[in-house]
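Below you'll find the structure, written out as structure tokens, and then a few comments.
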Amino acid sequence: MTVSLDQLRRCHVAVDLGAARTRVFVKGVGLVVDEPSVAAVNTRTGALIAVGEFAERMTGRTPAYIRVVRPVNGGTVVDIDMAQRMLRQLIGEKLRRTLRRKPRLRAAACVPHDADPLAQRAATETLIGLGAHRVELVDTLIAAAVGCGMPVERPEATMIIVCGAATTQVAVLSMGAIVTADRVPVGGDAIDHAVVQHLRQHHELMLPSQSVRPLQLALSGNGLTQQGPESTEIHGRDVATGLARSVQVRTAAVRDAIHTPLTAVLDGIGRVLRDCPPDLVADLVDRGIMMVGGSARLPGLDQMLRNATGMPVNIAERPDVCSVLGLGAMLEGRMEPMQLDPLTD
């Protein structure tokens with residue numbers, strides 16, 4: 001999965017196929033697609049009904065013959081055919097015609113750290129099905145670090161946490177490469193599931209499928225911290241009767257429920273720091289940790305990591321699009337590698 005910057009500069013388009021959102025960057029144009037990785041299919045005819053934002057709004061609201069699917073899970077394509085169909089619709093006919101005019105179209109794609117060969121092949125075949133003659137794969141950790149402006153090409157330690165929907169990736173980088181990294185199977189979806197389970201077990205309340213993340217963010221302006229209202233009114237469906245019901249939920253209890261899956265993230269950070277050379281850990285005490293990814297915006301998460309590690313924790317300016325913007329910077333030659341001239345005797 002090691003690819004040179006010269007190879008990336010020959011690419012025309014960069015794709016970040018995430019479990020939550022799909023993003024496409026076109027060289028010389030910029031970010032052209034930023035939509036949910038969702039498609040709605042008519043199971044009777046096999047026809048694609050909707051993709052992206054509109055398909056996500058259909059979740060839980062469709063008749064039996066319409067199925068809402070997510071062809072990407074944890075940054076890995078699990079349904080190549082559906083991912084290709086979804087991408088074609090998201091990109092649009094006009095942009096597809098523009099890309100087809102490129103001689104021997106090349107594409108770059110983000111893949112999770114330590115992705116197995118099957119996951120790498122699935123990403124490659126997805127883009128080849130869209131007309132790419134060659135596909136370059138880049139580690140999501142490096143792309144995200146470049147996208148948020150970290151000096152990854154220098155001989156200095158930089159630590160990044162990519163908070164995705166299905167996984168959280170933690171790494172220490174130096175001289176343009178990953179020194180040590182870990183991938184934790186806990187992300188924004190696990191946090192949502194913890195909130196759902198808490199309300200079901202303690203309040204016998206079921207939430208609509210699309211209301212978990214707004215609930216999680218609305219608990220208080222400071223999220224995982226102690227400031228904010230003591231309780232929040234939540235609307236849902238009674239588990240026993242099926243009727244609509246509202247309950248007052250203590251925000252402290254929900255914070256505890258959210259805190260449980262986040263302990264796995266803290267364990268992953270601890271493993272990375274233990275495997276990291278002491279000199280690089282000393283650099284991190286001053287530079288701290290950079291958080292990217294959609295789940296990095298969970299209020300109070302940065303403060304929780306700051307308290308647990310004792311290091312500065314910062315959130316990128318645009319954490320959700322750092323990976324694809326980093327790929328775009330590589331495509332457009334805005335990242336210069338450090339030159340190491342061989343010594344002569």
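Residue numbering restarts at 1 in every chain; chains get A, B, ... in the order shown in the structure tokens, and ligands count up from 1 in that same order.
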Inset, instruction - Find the residues near Ala47 in chain A: any atom within 10 Å, counting only C-alpha atoms, skip ones fewer than 6 places away on the same chain, and give them as a list of chain:residue names. - result: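 Neighbouring residues, sequence-local ones excluded: A:Ala40, A:Val41, A:Ile66.
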For the residues in the current selection, export C-alpha atoms as a compact mmCIF listing (two decimals), in the first residue's frame.
# COMPACT_ATOMS: atom_id res chain seq x y z
CA ALA A 40 -32.18 2.83 -1.68
CA VAL A 41 -33.09 -0.11 -3.93
CA ILE A 66 -37.67 -0.77 -0.79
Legend entry - Surrounding residues of range 308-319 of chain A excluding itself and chain neighbours under 4 positions, 6 Å, only C-alpha atoms, as a PyMOL selection string: chain A and resi 148+285+288-293+302
Inset, instruction - Determine which residues of range 90-131 of chain A DSSP labels as strand (DSSP E) from the backbone of this structure, then write them out as a count of residues only. - result: 6
Inset, instruction - Would you please work out which residue, of A:Gly52, A:Gly30, A:Pro103, A:Pro71, is nearest to Arg134 in chain A when using only C-alpha atoms? - result: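 That would be A:Pro103, the residue with the smallest distance to Arg134 in chain A.
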Might you pull out every residue within 10 Å of Ala253 in chain A, with only C-alpha atoms counted and same-chain residues fewer than 2 positions away left off, and present them as a PDB file with N, CA, C and O atoms, in the first residue's frame?
ATOM      1  N   VAL A 195     -26.250   4.737  23.325  1.00  0.00           N
ATOM      2  CA  VAL A 195     -27.367   5.599  23.714  1.00  0.00           C
ATOM      3  C   VAL A 195     -28.689   4.853  23.529  1.00  0.00           C
ATOM      4  O   VAL A 195     -29.583   4.905  24.400  1.00  0.00           O
ATOM      5  N   HIS A 198     -29.140   2.227  26.261  1.00  0.00           N
ATOM      6  CA  HIS A 198     -29.434   2.842  27.561  1.00  0.00           C
ATOM      7  C   HIS A 198     -30.912   3.227  27.650  1.00  0.00           C
ATOM      8  O   HIS A 198     -31.571   2.944  28.662  1.00  0.00           O
ATOM      9  N   LEU A 199     -31.439   3.855  26.615  1.00  0.00           N
ATOM     10  CA  LEU A 199     -32.840   4.279  26.651  1.00  0.00           C
ATOM     11  C   LEU A 199     -33.784   3.081  26.641  1.00  0.00           C
ATOM     12  O   LEU A 199     -34.850   3.108  27.256  1.00  0.00           O
ATOM     13  N   HIS A 202     -33.263   1.257  30.373  1.00  0.00           N
ATOM     14  CA  HIS A 202     -33.597   2.013  31.575  1.00  0.00           C
ATOM     15  C   HIS A 202     -34.893   2.808  31.460  1.00  0.00           C
ATOM     16  O   HIS A 202     -35.464   3.212  32.475  1.00  0.00           O
ATOM     17  N   GLU A 230     -29.360  19.241  33.674  1.00  0.00           N
ATOM     18  CA  GLU A 230     -29.322  17.949  34.355  1.00  0.00           C
ATOM     19  C   GLU A 230     -30.129  16.895  33.632  1.00  0.00           C
ATOM     20  O   GLU A 230     -29.850  15.698  33.768  1.00  0.00           O
ATOM     21  N   SER A 231     -31.145  17.308  32.867  1.00  0.00           N
ATOM     22  CA  SER A 231     -31.976  16.326  32.168  1.00  0.00           C
ATOM     23  C   SER A 231     -32.407  16.883  30.823  1.00  0.00           C
ATOM     24  O   SER A 231     -32.368  18.092  30.583  1.00  0.00           O
ATOM     25  N   VAL A 249     -34.631  12.266  30.601  1.00  0.00           N
ATOM     26  CA  VAL A 249     -33.427  11.446  30.711  1.00  0.00           C
ATOM     27  C   VAL A 249     -32.333  12.252  31.392  1.00  0.00           C
ATOM     28  O   VAL A 249     -32.057  13.392  31.008  1.00  0.00           O
ATOM     29  N   ARG A 250     -31.716  11.675  32.420  1.00  0.00           N
ATOM     30  CA  ARG A 250     -30.606  12.343  33.090  1.00  0.00           C
ATOM     31  C   ARG A 250     -29.383  12.342  32.179  1.00  0.00           C
ATOM     32  O   ARG A 250     -28.944  11.295  31.705  1.00  0.00           O
ATOM     33  N   THR A 251     -28.851  13.514  31.920  1.00  0.00           N
ATOM     34  CA  THR A 251     -27.708  13.610  31.013  1.00  0.00           C
ATOM     35  C   THR A 251     -26.469  12.924  31.590  1.00  0.00           C
ATOM     36  O   THR A 251     -25.644  12.400  30.839  1.00  0.00           O
ATOM     37  N   ARG A 255     -24.188  10.246  29.634  1.00  0.00           N
ATOM     38  CA  ARG A 255     -22.744  10.443  29.520  1.00  0.00           C
ATOM     39  C   ARG A 255     -21.995   9.190  29.953  1.00  0.00           C
ATOM     40  O   ARG A 255     -21.005   8.804  29.341  1.00  0.00           O
ATOM     41  N   ASP A 256     -22.488   8.539  31.008  1.00  0.00           N
ATOM     42  CA  ASP A 256     -21.859   7.289  31.446  1.00  0.00           C
ATOM     43  C   ASP A 256     -21.988   6.206  30.373  1.00  0.00           C
ATOM     44  O   ASP A 256     -21.052   5.434  30.143  1.00  0.00           O
ATOM     45  N   ALA A 257     -23.148   6.136  29.728  1.00  0.00           N
ATOM     46  CA  ALA A 257     -23.353   5.134  28.679  1.00  0.00           C
ATOM     47  C   ALA A 257     -22.428   5.384  27.496  1.00  0.00           C
ATOM     48  O   ALA A 257     -21.883   4.448  26.902  1.00  0.00           O
ATOM     49  N   ILE A 258     -22.233   6.653  27.128  1.00  0.00           N
ATOM     50  CA  ILE A 258     -21.337   6.992  26.024  1.00  0.00           C
ATOM     51  C   ILE A 258     -19.877   6.732  26.413  1.00  0.00           C
ATOM     52  O   ILE A 258     -19.054   6.338  25.585  1.00  0.00           O
ATOM     53  N   HIS A 259     -19.577   6.931  27.685  1.00  0.00           N
ATOM     54  CA  HIS A 259     -18.195   6.791  28.154  1.00  0.00           C
ATOM     55  C   HIS A 259     -17.698   5.362  28.018  1.00  0.00           C
ATOM     56  O   HIS A 259     -16.493   5.126  27.781  1.00  0.00           O
TER      57      HIS A 259
END
Inset, instruction - For range 19-26 of chain A, please output as a VMD selection string all residues within 10 Å (counting only C-alpha atoms; exclusion window: fewer than 6 positions along the same chain). - result: chain A and resid 11 to 13 32 to 38 52 to 53 70 to 77 83 86 to 87 90 to 91 95 99 107 to 109 164 to 167 188 to 189 294 320 to 321 323 to 329 331 to 332
Output of the above residues as a PDB file, in the first residue's frame, restricted to C-alpha atoms:
ATOM      1  CA  CYS A  11      -4.020  10.675 -10.623  1.00  0.00           C
ATOM      2  CA  HIS A  12      -7.069  12.668 -11.713  1.00  0.00           C
ATOM      3  CA  VAL A  13      -9.591  11.898  -8.957  1.00  0.00           C
ATOM      4  CA  VAL A  32     -17.307  17.736  -5.709  1.00  0.00           C
ATOM      5  CA  VAL A  33     -19.161  15.062  -3.706  1.00  0.00           C
ATOM      6  CA  ASP A  34     -19.834  14.888   0.042  1.00  0.00           C
ATOM      7  CA  GLU A  35     -22.876  12.654   0.596  1.00  0.00           C
ATOM      8  CA  PRO A  36     -23.918   9.816   2.940  1.00  0.00           C
ATOM      9  CA  SER A  37     -22.825   6.348   1.787  1.00  0.00           C
ATOM     10  CA  VAL A  38     -26.415   5.145   1.449  1.00  0.00           C
ATOM     11  CA  GLY A  52     -26.892  10.009  -0.629  1.00  0.00           C
ATOM     12  CA  GLU A  53     -28.855  12.444   1.516  1.00  0.00           C
ATOM     13  CA  ARG A  70     -24.888   0.817   3.063  1.00  0.00           C
ATOM     14  CA  PRO A  71     -22.325  -0.715   0.687  1.00  0.00           C
ATOM     15  CA  VAL A  72     -19.376   0.445   2.819  1.00  0.00           C
ATOM     16  CA  ASN A  73     -18.668  -0.736   6.360  1.00  0.00           C
ATOM     17  CA  GLY A  74     -15.735   0.471   8.421  1.00  0.00           C
ATOM     18  CA  GLY A  75     -14.017   2.001   5.398  1.00  0.00           C
ATOM     19  CA  THR A  76     -14.212  -1.315   3.530  1.00  0.00           C
ATOM     20  CA  VAL A  77     -16.431  -1.914   0.496  1.00  0.00           C
ATOM     21  CA  ALA A  83     -20.874   0.850  -4.318  1.00  0.00           C
ATOM     22  CA  MET A  86     -23.983   4.579  -5.785  1.00  0.00           C
ATOM     23  CA  LEU A  87     -20.792   6.345  -6.895  1.00  0.00           C
ATOM     24  CA  LEU A  90     -23.294  10.662  -6.707  1.00  0.00           C
ATOM     25  CA  ILE A  91     -20.737  11.823  -9.253  1.00  0.00           C
ATOM     26  CA  LEU A  95     -18.730  14.895 -14.258  1.00  0.00           C
ATOM     27  CA  LEU A  99     -13.545  12.141 -16.353  1.00  0.00           C
ATOM     28  CA  ALA A 107      -7.772   7.328  -9.279  1.00  0.00           C
ATOM     29  CA  ALA A 108      -6.602   7.363  -5.663  1.00  0.00           C
ATOM     30  CA  ALA A 109      -8.550   5.969  -2.720  1.00  0.00           C
ATOM     31  CA  GLY A 164     -14.835   7.256  12.022  1.00  0.00           C
ATOM     32  CA  ALA A 165     -18.331   5.848  12.091  1.00  0.00           C
ATOM     33  CA  ALA A 166     -17.285   2.210  12.537  1.00  0.00           C
ATOM     34  CA  THR A 167     -13.637   2.374  13.645  1.00  0.00           C
ATOM     35  CA  GLY A 188     -19.612   6.894  16.167  1.00  0.00           C
ATOM     36  CA  ASP A 189     -21.990   4.000  15.464  1.00  0.00           C
ATOM     37  CA  GLY A 294     -16.922  13.038  11.849  1.00  0.00           C
ATOM     38  CA  ASP A 320     -14.829  15.317   8.515  1.00  0.00           C
ATOM     39  CA  VAL A 321     -13.119  15.980   5.142  1.00  0.00           C
ATOM     40  CA  SER A 323      -8.776  12.494   4.443  1.00  0.00           C
ATOM     41  CA  VAL A 324     -10.072  13.425   1.002  1.00  0.00           C
ATOM     42  CA  LEU A 325      -8.514  16.903   1.187  1.00  0.00           C
ATOM     43  CA  GLY A 326      -5.186  15.283   2.053  1.00  0.00           C
ATOM     44  CA  LEU A 327      -5.473  13.038  -0.989  1.00  0.00           C
ATOM     45  CA  GLY A 328      -6.341  16.089  -3.062  1.00  0.00           C
ATOM     46  CA  ALA A 329      -3.247  17.906  -1.800  1.00  0.00           C
ATOM     47  CA  LEU A 331      -2.759  14.848  -6.315  1.00  0.00           C
ATOM     48  CA  GLU A 332      -2.154  18.544  -6.886  1.00  0.00           C
TER      49      GLU A 332
END
